[in-house]
$ cat coords.cif   # mmCIF, C-alpha atoms
data_entry
loop_
_atom_site.label_atom_id
_atom_site.label_comp_id
_atom_site.auth_asym_id
_atom_site.auth_seq_id
_atom_site.Cartn_x
_atom_site.Cartn_y
_atom_site.Cartn_z
CA MET B 1 81.39 -20.24 -7.34
CA GLU B 2 78.84 -21.15 -4.75
CA LEU B 3 76.98 -19.15 -2.18
CA THR B 4 77.21 -20.65 1.26
CA LYS B 5 74.43 -23.19 1.68
CA SER B 6 73.03 -23.05 5.15
CA ASN B 7 70.77 -25.46 6.96
CA HIS B 8 68.63 -22.60 8.14
CA LEU B 9 67.20 -20.24 5.57
CA ASP B 10 67.40 -17.40 8.07
CA ASP B 11 71.11 -17.93 8.49
CA ALA B 12 71.46 -17.56 4.75
CA VAL B 13 69.39 -14.41 4.62
CA CYS B 14 70.11 -12.52 7.85
CA PRO B 15 73.69 -11.35 7.24
CA VAL B 16 72.88 -10.10 3.75
CA ALA B 17 69.59 -8.48 4.71
CA ARG B 18 71.03 -6.69 7.73
CA THR B 19 73.95 -5.41 5.70
CA ALA B 20 71.54 -4.13 3.06
CA ASP B 21 69.53 -2.38 5.79
CA ILE B 22 72.54 -0.50 7.07
CA ILE B 23 73.55 0.61 3.63
CA SER B 24 70.11 1.69 2.49
CA GLY B 25 69.78 5.41 2.92
CA LYS B 26 71.35 8.03 0.75
CA TRP B 27 72.91 10.18 3.48
CA THR B 28 74.31 7.21 5.35
CA LEU B 29 76.13 6.10 2.23
CA LEU B 30 77.47 9.56 1.58
CA ILE B 31 78.64 10.06 5.17
CA ILE B 32 80.51 6.76 5.05
CA ARG B 33 82.01 7.74 1.70
CA ASP B 34 83.23 11.06 3.12
CA LEU B 35 84.67 9.51 6.26
CA ALA B 36 86.39 6.82 4.20
CA ALA B 37 88.64 9.62 2.96
CA GLY B 38 89.60 10.53 6.53
CA VAL B 39 88.54 12.18 9.77
CA LYS B 40 86.01 15.00 9.33
CA ARG B 41 84.40 17.70 11.45
CA PHE B 42 80.68 18.30 11.49
CA ASN B 43 81.01 21.44 9.35
CA GLN B 44 83.14 19.67 6.78
CA LEU B 45 80.53 16.94 6.42
CA GLU B 46 77.76 19.51 6.19
CA ARG B 47 79.54 21.34 3.37
CA SER B 48 80.39 18.15 1.52
CA LEU B 49 76.87 16.72 1.78
CA ASN B 50 75.36 19.52 -0.18
CA GLY B 51 71.70 19.86 0.79
CA ILE B 52 71.65 17.98 4.09
CA SER B 53 70.10 19.85 7.04
CA PRO B 54 72.12 20.08 10.27
CA LYS B 55 69.30 18.20 12.02
CA THR B 56 69.38 15.30 9.57
CA LEU B 57 73.17 15.17 9.65
CA SER B 58 73.14 15.04 13.48
CA GLU B 59 70.58 12.26 13.44
CA ARG B 60 72.46 10.17 10.90
CA LEU B 61 75.75 10.64 12.72
CA ARG B 62 74.18 9.64 16.03
CA SER B 63 72.63 6.55 14.53
CA LEU B 64 75.90 5.53 12.84
CA GLU B 65 77.67 6.04 16.16
CA GLU B 66 75.12 3.87 17.98
CA GLU B 67 75.56 1.23 15.29
CA GLY B 68 79.32 1.28 15.98
CA ILE B 69 80.19 2.38 12.45
CA ILE B 70 81.67 5.75 13.32
CA THR B 71 83.28 7.28 16.40
CA ARG B 72 82.89 10.80 17.66
CA ARG B 73 85.79 12.54 19.40
CA THR B 74 85.37 15.85 21.18
CA PHE B 75 88.27 18.17 21.96
CA ALA B 76 88.00 20.64 24.81
CA GLU B 77 88.93 23.67 22.78
CA VAL B 78 87.26 27.03 22.27
CA PRO B 79 85.16 26.68 20.23
CA PRO B 80 84.80 22.94 20.96
CA ARG B 81 86.00 20.69 18.19
CA VAL B 82 84.16 17.47 17.27
CA GLU B 83 85.61 14.96 14.83
CA TYR B 84 84.08 11.90 13.24
CA SER B 85 85.86 8.88 11.84
CA LEU B 86 85.11 5.33 10.75
CA THR B 87 85.59 2.46 13.16
CA GLU B 88 86.94 -0.90 11.98
CA LYS B 89 83.33 -1.97 11.45
CA GLY B 90 82.82 1.14 9.34
CA LEU B 91 85.99 0.63 7.31
CA ASP B 92 84.96 -2.93 6.52
CA LEU B 93 81.66 -1.59 5.23
CA VAL B 94 83.50 0.52 2.69
CA TYR B 95 84.57 -2.61 0.82
CA VAL B 96 80.99 -3.85 0.68
CA ILE B 97 79.74 -0.51 -0.58
CA GLU B 98 82.45 -0.42 -3.24
CA SER B 99 81.51 -3.88 -4.47
CA MET B 100 77.88 -2.78 -4.71
CA ARG B 101 78.89 0.41 -6.45
CA SER B 102 80.96 -1.33 -9.06
CA TYR B 103 78.17 -3.84 -9.72
CA GLY B 104 75.59 -1.06 -10.00
CA LYS B 105 77.74 0.96 -12.36
CA ARG B 106 78.38 -2.00 -14.59
CA TRP B 107 74.91 -3.48 -14.71
CA LEU B 108 72.28 -1.11 -13.43
CA CYS B 109 72.99 2.58 -13.81
CA ASN B 110 74.59 2.77 -17.26
CA GLN B 111 77.40 5.07 -16.30
CA MET Q 1 90.89 3.45 1.07
CA GLU Q 2 88.53 5.94 -0.47
CA LEU Q 3 85.05 5.67 -1.83
CA THR Q 4 84.72 7.18 -5.25
CA LYS Q 5 83.95 10.86 -4.90
CA SER Q 6 81.50 12.00 -7.48
CA ASN Q 7 80.46 15.47 -8.53
CA HIS Q 8 76.86 14.45 -8.46
CA LEU Q 9 75.44 12.99 -5.27
CA ASP Q 10 73.05 10.87 -7.30
CA ASP Q 11 75.92 9.29 -9.18
CA ALA Q 12 77.42 8.30 -5.86
CA VAL Q 13 74.19 6.86 -4.55
CA CYS Q 14 72.42 5.32 -7.54
CA PRO Q 15 74.62 2.29 -8.22
CA VAL Q 16 74.69 1.28 -4.57
CA ALA Q 17 71.00 1.91 -3.97
CA ARG Q 18 69.90 0.02 -7.07
CA THR Q 19 72.12 -2.93 -6.18
CA ALA Q 20 70.64 -2.95 -2.67
CA ASP Q 21 67.14 -2.92 -4.19
CA ILE Q 22 67.82 -5.99 -6.28
CA ILE Q 23 69.28 -7.91 -3.40
CA SER Q 24 66.58 -7.00 -0.89
CA GLY Q 25 64.08 -9.82 -0.69
CA LYS Q 26 64.62 -13.13 1.02
CA TRP Q 27 63.50 -15.40 -1.82
CA THR Q 28 65.46 -13.52 -4.44
CA LEU Q 29 68.63 -14.01 -2.43
CA LEU Q 30 67.93 -17.69 -1.93
CA ILE Q 31 67.12 -18.30 -5.60
CA ILE Q 32 70.39 -16.64 -6.62
CA ARG Q 33 72.24 -18.71 -4.02
CA ASP Q 34 70.73 -21.93 -5.39
CA LEU Q 35 71.45 -21.06 -9.01
CA ALA Q 36 75.01 -20.08 -8.11
CA ALA Q 37 75.56 -23.79 -7.51
CA GLY Q 38 74.39 -24.64 -11.04
CA VAL Q 39 71.44 -24.98 -13.40
CA LYS Q 40 68.19 -25.94 -11.67
CA ARG Q 41 64.67 -26.99 -12.67
CA PHE Q 42 61.58 -25.39 -11.20
CA ASN Q 43 60.90 -28.43 -8.99
CA GLN Q 44 64.43 -28.48 -7.66
CA LEU Q 45 64.19 -24.84 -6.65
CA GLU Q 46 60.81 -25.42 -5.07
CA ARG Q 47 62.18 -28.28 -2.97
CA SER Q 48 65.29 -26.38 -1.98
CA LEU Q 49 63.40 -23.21 -1.01
CA ASN Q 50 61.49 -24.90 1.71
CA GLY Q 51 58.24 -23.04 2.26
CA ILE Q 52 57.98 -21.04 -0.95
CA SER Q 53 54.66 -21.32 -2.82
CA PRO Q 54 54.77 -22.23 -6.53
CA LYS Q 55 53.05 -18.91 -7.27
CA THR Q 56 55.68 -16.88 -5.42
CA LEU Q 57 58.51 -18.88 -6.97
CA SER Q 58 57.11 -18.27 -10.47
CA GLU Q 59 56.78 -14.57 -9.80
CA ARG Q 60 60.30 -14.22 -8.44
CA LEU Q 61 61.76 -16.21 -11.34
CA ARG Q 62 59.89 -14.10 -13.87
CA SER Q 63 61.05 -10.89 -12.28
CA LEU Q 64 64.67 -12.08 -12.12
CA GLU Q 65 64.41 -13.07 -15.78
CA GLU Q 66 63.04 -9.64 -16.72
CA GLU Q 67 65.87 -8.04 -14.76
CA GLY Q 68 68.35 -10.11 -16.83
CA ILE Q 69 69.74 -11.93 -13.81
CA ILE Q 70 68.60 -15.43 -14.75
CA THR Q 71 67.75 -17.19 -18.00
CA ARG Q 72 65.00 -19.70 -18.58
CA ARG Q 73 65.49 -22.52 -21.08
CA THR Q 74 62.66 -24.74 -22.15
CA PHE Q 75 63.17 -28.17 -23.71
CA ALA Q 76 60.48 -29.69 -25.93
CA GLU Q 77 60.25 -32.95 -24.05
CA VAL Q 78 57.34 -34.85 -22.55
CA PRO Q 79 56.80 -33.64 -19.90
CA PRO Q 80 58.34 -30.27 -20.88
CA ARG Q 81 61.56 -29.46 -19.07
CA VAL Q 82 62.36 -25.91 -17.92
CA GLU Q 83 65.76 -24.98 -16.56
CA TYR Q 84 66.98 -21.83 -14.87
CA SER Q 85 70.52 -20.52 -14.64
CA LEU Q 86 72.36 -17.33 -13.80
CA THR Q 87 73.39 -14.92 -16.54
CA GLU Q 88 76.71 -13.07 -16.39
CA LYS Q 89 74.85 -10.24 -14.63
CA GLY Q 90 73.56 -12.78 -12.13
CA LEU Q 91 76.95 -14.39 -11.56
CA ASP Q 92 78.48 -10.98 -10.88
CA LEU Q 93 75.82 -10.40 -8.26
CA VAL Q 94 76.97 -13.50 -6.39
CA TYR Q 95 80.22 -11.75 -5.49
CA VAL Q 96 78.36 -8.75 -4.12
CA ILE Q 97 76.05 -10.96 -2.06
CA GLU Q 98 79.03 -12.87 -0.68
CA SER Q 99 80.75 -9.67 0.38
CA MET Q 100 77.55 -8.56 2.15
CA ARG Q 101 77.19 -11.96 3.74
CA SER Q 102 80.68 -12.02 5.10
CA TYR Q 103 80.27 -8.48 6.48
CA GLY Q 104 76.94 -9.36 8.08
CA LYS Q 105 78.31 -12.52 9.63
CA ARG Q 106 81.30 -10.71 11.06
CA TRP Q 107 79.62 -7.57 12.34
CA LEU Q 108 75.86 -7.90 12.51
CA CYS Q 109 74.48 -11.37 13.02
CA ASN Q 110 76.87 -12.84 15.58
CA GLN Q 111 77.25 -16.21 13.90
#

$ encode --input "coords.cif" --output "structure tokens"
Amino acid sequence: MELTKSNHLDDAVCPVARTADIISGKWTLLIIRDLAAGVKRFNQLERSLNGISPKTLSERLRSLEEEGIITRRTFAEVPPRVEYSLTEKGLDLVYVIESMRSYGKRWLCNQ
Amino acid sequence: MELTKSNHLDDAVCPVARTADIISGKWTLLIIRDLAAGVKRFNQLERSLNGISPKTLSERLRSLEEEGIITRRTFAEVPPRVEYSLTEKGLDLVYVIESMRSYGKRWLCNQ
């Protein structure tokens, strides 16, 4: 077992640090968890993320969309329907989060 | 693919957030990377982590030892020899870091 040894320290740190950045943030994690189970509407996310304000949820969804982790589809219905789902980049992140979760449960959070 | 759904939001967040906490920090990551390749002495780490001060290296090593991620063995020789290695908790962390690294390289750092 050996972590990749890089000539440049930054090359060794950047990918891990940037991934940690994206994952840090309680609501972000929970939104990704919810969408990992399938496509969701705004209201479904709001109900599932007990305690989140609509403003915060909108902001987090927008930032995840800008980051390319989720996609937003609107349907021209009455009332308009908006659905969110994970992109391939978002789905890949689920594996990372799960590996962190299983480490944390085993070693850090005594569950 | 489904992230574990927990009744308590904190249960869903804690293990991931605490793992992210441990991993955040450039030198911590690099120390774990170096020790993943095998037992190292203080001087070897200092040389490998180009640019780290002895004071910072000592602090990081002490904090990783307190966290149970590395162990420190001293040998009663002249001059005294001190060796550092990963514990089981530290070795497990290597897998998490590698999964973050490979995600970051694919999606975030364009390498």

$ axis_aligned_box --input "coords.cif" --around "stretch 11-15 of chain B" --padding-each-side "6 Å" --output "AutoDock Vina command-line options"
--center_x 71.5 --center_y -14.6 --center_z 6.6 --size_x 16.3 --size_y 18.6 --size_z 15.9

$ closest_residue --input "coords.cif" --among "Q:Glu83, Q:Gly68, Q:Glu77, Q:Leu61" --to "chain B" --atoms "all atoms listed in the file"
Q:Gly68

$ interface_residues --input "coords.cif" --of "chain B" --to "chain Q" --cutoff "9 Å" --atoms "all atoms listed in the file" --output "JSON, numbers by chain"
{"B": [1, 2, 3, 4, 5, 9, 10, 11, 12, 13, 14, 15, 16, 17, 18, 19, 20, 21, 23, 24, 25, 26, 27, 29, 30, 32, 33, 34, 35, 36, 37, 38, 49, 50, 89, 91, 92, 93, 94, 95, 96, 97, 98, 99, 100, 101, 102, 103, 104, 105, 106, 107, 108, 109, 111]}

$ residues_around --input "coords.cif" --residues "B:Arg73" --least-positions-apart "5" --cutoff "12 Å" --atoms "only C-alpha atoms" --output "tab-separated table (two decimals) with C-alpha atoms, in the frame of the given file"
chain	number	residue	atom	x	y	z
B	39	VAL	CA	88.54	12.18	9.77
B	40	LYS	CA	86.01	15.00	9.33
B	41	ARG	CA	84.40	17.70	11.45
B	42	PHE	CA	80.68	18.30	11.49
B	65	GLU	CA	77.67	6.04	16.16
B	80	PRO	CA	84.80	22.94	20.96
B	81	ARG	CA	86.00	20.69	18.19
B	82	VAL	CA	84.16	17.47	17.27
B	83	GLU	CA	85.61	14.96	14.83
B	84	TYR	CA	84.08	11.90	13.24
B	85	SER	CA	85.86	8.88	11.84
B	86	LEU	CA	85.11	5.33	10.75
B	87	THR	CA	85.59	2.46	13.16

$ calpha_fit_and_write --input "coords.cif" --fixed "chain Q" --moving "chain B" --output "PDB file with C-alpha atoms, in the frame of the given file"
ATOM      1  CA  MET B   1      90.883   3.458   1.043  1.00  0.00           C
ATOM      2  CA  GLU B   2      88.519   5.954  -0.449  1.00  0.00           C
ATOM      3  CA  LEU B   3      85.045   5.674  -1.833  1.00  0.00           C
ATOM      4  CA  THR B   4      84.724   7.210  -5.249  1.00  0.00           C
ATOM      5  CA  LYS B   5      83.939  10.897  -4.868  1.00  0.00           C
ATOM      6  CA  SER B   6      81.494  12.001  -7.481  1.00  0.00           C
ATOM      7  CA  ASN B   7      80.481  15.467  -8.555  1.00  0.00           C
ATOM      8  CA  HIS B   8      76.857  14.462  -8.455  1.00  0.00           C
ATOM      9  CA  LEU B   9      75.481  12.999  -5.264  1.00  0.00           C
ATOM     10  CA  ASP B  10      73.077  10.872  -7.279  1.00  0.00           C
ATOM     11  CA  ASP B  11      75.936   9.292  -9.163  1.00  0.00           C
ATOM     12  CA  ALA B  12      77.429   8.321  -5.835  1.00  0.00           C
ATOM     13  CA  VAL B  13      74.200   6.874  -4.530  1.00  0.00           C
ATOM     14  CA  CYS B  14      72.428   5.330  -7.529  1.00  0.00           C
ATOM     15  CA  PRO B  15      74.639   2.297  -8.214  1.00  0.00           C
ATOM     16  CA  VAL B  16      74.693   1.282  -4.558  1.00  0.00           C
ATOM     17  CA  ALA B  17      71.001   1.908  -3.964  1.00  0.00           C
ATOM     18  CA  ARG B  18      69.894   0.018  -7.062  1.00  0.00           C
ATOM     19  CA  THR B  19      72.107  -2.916  -6.180  1.00  0.00           C
ATOM     20  CA  ALA B  20      70.641  -2.956  -2.678  1.00  0.00           C
ATOM     21  CA  ASP B  21      67.135  -2.927  -4.181  1.00  0.00           C
ATOM     22  CA  ILE B  22      67.802  -5.986  -6.286  1.00  0.00           C
ATOM     23  CA  ILE B  23      69.251  -7.894  -3.397  1.00  0.00           C
ATOM     24  CA  SER B  24      66.561  -7.006  -0.891  1.00  0.00           C
ATOM     25  CA  GLY B  25      64.076  -9.820  -0.701  1.00  0.00           C
ATOM     26  CA  LYS B  26      64.603 -13.119   0.995  1.00  0.00           C
ATOM     27  CA  TRP B  27      63.495 -15.409  -1.841  1.00  0.00           C
ATOM     28  CA  THR B  28      65.460 -13.516  -4.455  1.00  0.00           C
ATOM     29  CA  LEU B  29      68.620 -14.014  -2.444  1.00  0.00           C
ATOM     30  CA  LEU B  30      67.923 -17.682  -1.945  1.00  0.00           C
ATOM     31  CA  ILE B  31      67.118 -18.291  -5.617  1.00  0.00           C
ATOM     32  CA  ILE B  32      70.381 -16.641  -6.635  1.00  0.00           C
ATOM     33  CA  ARG B  33      72.228 -18.705  -4.034  1.00  0.00           C
ATOM     34  CA  ASP B  34      70.722 -21.930  -5.398  1.00  0.00           C
ATOM     35  CA  LEU B  35      71.434 -21.064  -9.015  1.00  0.00           C
ATOM     36  CA  ALA B  36      74.994 -20.076  -8.127  1.00  0.00           C
ATOM     37  CA  ALA B  37      75.561 -23.784  -7.522  1.00  0.00           C
ATOM     38  CA  GLY B  38      74.381 -24.616 -11.044  1.00  0.00           C
ATOM     39  CA  VAL B  39      71.431 -24.970 -13.393  1.00  0.00           C
ATOM     40  CA  LYS B  40      68.168 -25.929 -11.667  1.00  0.00           C
ATOM     41  CA  ARG B  41      64.660 -26.979 -12.651  1.00  0.00           C
ATOM     42  CA  PHE B  42      61.578 -25.392 -11.174  1.00  0.00           C
ATOM     43  CA  ASN B  43      60.892 -28.423  -8.962  1.00  0.00           C
ATOM     44  CA  GLN B  44      64.436 -28.482  -7.654  1.00  0.00           C
ATOM     45  CA  LEU B  45      64.183 -24.833  -6.649  1.00  0.00           C
ATOM     46  CA  GLU B  46      60.802 -25.426  -5.052  1.00  0.00           C
ATOM     47  CA  ARG B  47      62.175 -28.276  -2.940  1.00  0.00           C
ATOM     48  CA  SER B  48      65.295 -26.366  -1.969  1.00  0.00           C
ATOM     49  CA  LEU B  49      63.408 -23.197  -1.019  1.00  0.00           C
ATOM     50  CA  ASN B  50      61.491 -24.900   1.699  1.00  0.00           C
ATOM     51  CA  GLY B  51      58.239 -23.016   2.271  1.00  0.00           C
ATOM     52  CA  ILE B  52      57.979 -21.029  -0.956  1.00  0.00           C
ATOM     53  CA  SER B  53      54.659 -21.327  -2.823  1.00  0.00           C
ATOM     54  CA  PRO B  54      54.768 -22.234  -6.529  1.00  0.00           C
ATOM     55  CA  LYS B  55      53.071 -18.899  -7.267  1.00  0.00           C
ATOM     56  CA  THR B  56      55.694 -16.873  -5.414  1.00  0.00           C
ATOM     57  CA  LEU B  57      58.520 -18.869  -6.969  1.00  0.00           C
ATOM     58  CA  SER B  58      57.093 -18.263 -10.474  1.00  0.00           C
ATOM     59  CA  GLU B  59      56.780 -14.559  -9.787  1.00  0.00           C
ATOM     60  CA  ARG B  60      60.308 -14.213  -8.449  1.00  0.00           C
ATOM     61  CA  LEU B  61      61.759 -16.203 -11.328  1.00  0.00           C
ATOM     62  CA  ARG B  62      59.888 -14.090 -13.868  1.00  0.00           C
ATOM     63  CA  SER B  63      61.053 -10.879 -12.275  1.00  0.00           C
ATOM     64  CA  LEU B  64      64.677 -12.079 -12.121  1.00  0.00           C
ATOM     65  CA  GLU B  65      64.411 -13.065 -15.778  1.00  0.00           C
ATOM     66  CA  GLU B  66      63.048  -9.633 -16.720  1.00  0.00           C
ATOM     67  CA  GLU B  67      65.883  -8.052 -14.755  1.00  0.00           C
ATOM     68  CA  GLY B  68      68.350 -10.102 -16.835  1.00  0.00           C
ATOM     69  CA  ILE B  69      69.737 -11.935 -13.811  1.00  0.00           C
ATOM     70  CA  ILE B  70      68.606 -15.416 -14.766  1.00  0.00           C
ATOM     71  CA  THR B  71      67.746 -17.180 -18.017  1.00  0.00           C
ATOM     72  CA  ARG B  72      65.008 -19.692 -18.586  1.00  0.00           C
ATOM     73  CA  ARG B  73      65.495 -22.517 -21.086  1.00  0.00           C
ATOM     74  CA  THR B  74      62.652 -24.774 -22.145  1.00  0.00           C
ATOM     75  CA  PHE B  75      63.186 -28.196 -23.696  1.00  0.00           C
ATOM     76  CA  ALA B  76      60.509 -29.712 -25.894  1.00  0.00           C
ATOM     77  CA  GLU B  77      60.283 -32.973 -24.028  1.00  0.00           C
ATOM     78  CA  VAL B  78      57.377 -34.863 -22.504  1.00  0.00           C
ATOM     79  CA  PRO B  79      56.817 -33.663 -19.870  1.00  0.00           C
ATOM     80  CA  PRO B  80      58.359 -30.301 -20.856  1.00  0.00           C
ATOM     81  CA  ARG B  81      61.566 -29.474 -19.064  1.00  0.00           C
ATOM     82  CA  VAL B  82      62.367 -25.922 -17.905  1.00  0.00           C
ATOM     83  CA  GLU B  83      65.775 -24.979 -16.544  1.00  0.00           C
ATOM     84  CA  TYR B  84      66.973 -21.816 -14.873  1.00  0.00           C
ATOM     85  CA  SER B  85      70.507 -20.507 -14.652  1.00  0.00           C
ATOM     86  CA  LEU B  86      72.359 -17.313 -13.800  1.00  0.00           C
ATOM     87  CA  THR B  87      73.384 -14.922 -16.540  1.00  0.00           C
ATOM     88  CA  GLU B  88      76.707 -13.067 -16.395  1.00  0.00           C
ATOM     89  CA  LYS B  89      74.857 -10.243 -14.644  1.00  0.00           C
ATOM     90  CA  GLY B  90      73.560 -12.777 -12.138  1.00  0.00           C
ATOM     91  CA  LEU B  91      76.956 -14.382 -11.572  1.00  0.00           C
ATOM     92  CA  ASP B  92      78.493 -10.986 -10.887  1.00  0.00           C
ATOM     93  CA  LEU B  93      75.818 -10.409  -8.267  1.00  0.00           C
ATOM     94  CA  VAL B  94      76.971 -13.486  -6.399  1.00  0.00           C
ATOM     95  CA  TYR B  95      80.226 -11.751  -5.488  1.00  0.00           C
ATOM     96  CA  VAL B  96      78.343  -8.755  -4.126  1.00  0.00           C
ATOM     97  CA  ILE B  97      76.047 -10.957  -2.082  1.00  0.00           C
ATOM     98  CA  GLU B  98      79.013 -12.878  -0.689  1.00  0.00           C
ATOM     99  CA  SER B  99      80.729  -9.670   0.376  1.00  0.00           C
ATOM    100  CA  MET B 100      77.541  -8.579   2.135  1.00  0.00           C
ATOM    101  CA  ARG B 101      77.173 -11.979   3.724  1.00  0.00           C
ATOM    102  CA  SER B 102      80.672 -12.035   5.096  1.00  0.00           C
ATOM    103  CA  TYR B 103      80.279  -8.503   6.471  1.00  0.00           C
ATOM    104  CA  GLY B 104      76.940  -9.381   8.066  1.00  0.00           C
ATOM    105  CA  LYS B 105      78.301 -12.535   9.638  1.00  0.00           C
ATOM    106  CA  ARG B 106      81.284 -10.745  11.066  1.00  0.00           C
ATOM    107  CA  TRP B 107      79.609  -7.611  12.338  1.00  0.00           C
ATOM    108  CA  LEU B 108      75.860  -7.928  12.476  1.00  0.00           C
ATOM    109  CA  CYS B 109      74.468 -11.399  13.000  1.00  0.00           C
ATOM    110  CA  ASN B 110      76.868 -12.882  15.557  1.00  0.00           C
ATOM    111  CA  GLN B 111      77.277 -16.215  13.874  1.00  0.00           C
TER     112      GLN B 111
END

$ atom_distance --input "coords.cif" --atom1 "atom CA of B:Glu46" --atom2 "atom CA of B:Ser58"
9.7 Å

$ atom_distance --input "coords.cif" --atom1 "atom CA of Q:Val78" --atom2 "atom CA of Q:Thr56"
24.9 Å

$ decode --input "coords.cif" --residues "stretch 67-74 of chain B" --atoms "all heavy atoms" --output "short mmCIF file (atom, residue, chain, number, x, y, z; two decimals), in the first residue's frame"
data_model
loop_
_atom_site.label_atom_id
_atom_site.label_comp_id
_atom_site.auth_asym_id
_atom_site.auth_seq_id
_atom_site.Cartn_x
_atom_site.Cartn_y
_atom_site.Cartn_z
N GLU B 67 -20.99 23.67 -9.86
CA GLU B 67 -19.83 22.80 -9.69
C GLU B 67 -19.92 21.57 -10.61
O GLU B 67 -18.98 20.79 -10.73
CB GLU B 67 -19.79 22.42 -8.21
CG GLU B 67 -18.59 21.70 -7.65
CD GLU B 67 -17.31 22.54 -7.64
OE1 GLU B 67 -17.13 23.40 -6.77
OE2 GLU B 67 -16.48 22.30 -8.52
N GLY B 68 -21.09 21.40 -11.25
CA GLY B 68 -21.27 20.27 -12.17
C GLY B 68 -21.59 18.95 -11.49
O GLY B 68 -21.45 17.87 -12.07
N ILE B 69 -22.03 19.05 -10.22
CA ILE B 69 -22.30 17.83 -9.46
C ILE B 69 -23.76 17.40 -9.58
O ILE B 69 -24.07 16.21 -9.49
CB ILE B 69 -21.88 18.06 -7.98
CG1 ILE B 69 -20.34 18.09 -7.94
CG2 ILE B 69 -22.42 17.00 -7.04
CD1 ILE B 69 -19.77 18.51 -6.62
N ILE B 70 -24.63 18.35 -9.78
CA ILE B 70 -26.03 18.00 -10.02
C ILE B 70 -26.53 18.71 -11.29
O ILE B 70 -25.92 19.68 -11.75
CB ILE B 70 -26.96 18.39 -8.83
CG1 ILE B 70 -27.04 19.91 -8.67
CG2 ILE B 70 -26.47 17.77 -7.53
CD1 ILE B 70 -28.07 20.32 -7.61
N THR B 71 -27.61 18.18 -11.85
CA THR B 71 -28.28 18.88 -12.95
C THR B 71 -29.71 19.21 -12.54
O THR B 71 -30.32 18.51 -11.73
CB THR B 71 -28.36 18.04 -14.24
OG1 THR B 71 -28.81 16.73 -13.90
CG2 THR B 71 -27.03 17.96 -14.92
N ARG B 72 -30.21 20.25 -13.14
CA ARG B 72 -31.54 20.77 -12.84
C ARG B 72 -32.33 20.69 -14.13
O ARG B 72 -31.89 21.20 -15.16
CB ARG B 72 -31.36 22.23 -12.40
CG ARG B 72 -32.59 22.98 -12.02
CD ARG B 72 -32.17 24.40 -11.58
NE ARG B 72 -33.28 25.16 -11.07
CZ ARG B 72 -34.14 25.82 -11.81
NH1 ARG B 72 -34.02 25.82 -13.12
NH2 ARG B 72 -35.14 26.50 -11.25
N ARG B 73 -33.47 20.00 -14.09
CA ARG B 73 -34.32 19.93 -15.28
C ARG B 73 -35.65 20.57 -14.97
O ARG B 73 -36.27 20.26 -13.95
CB ARG B 73 -34.58 18.47 -15.68
CG ARG B 73 -33.55 17.90 -16.60
CD ARG B 73 -33.99 16.53 -17.10
NE ARG B 73 -34.90 16.56 -18.24
CZ ARG B 73 -35.52 15.50 -18.72
NH1 ARG B 73 -35.38 14.32 -18.14
NH2 ARG B 73 -36.33 15.60 -19.77
N THR B 74 -36.09 21.46 -15.85
CA THR B 74 -37.40 22.08 -15.63
C THR B 74 -38.38 21.55 -16.67
O THR B 74 -38.01 21.33 -17.83
CB THR B 74 -37.33 23.62 -15.77
OG1 THR B 74 -36.74 23.91 -17.03
CG2 THR B 74 -36.47 24.21 -14.66
#
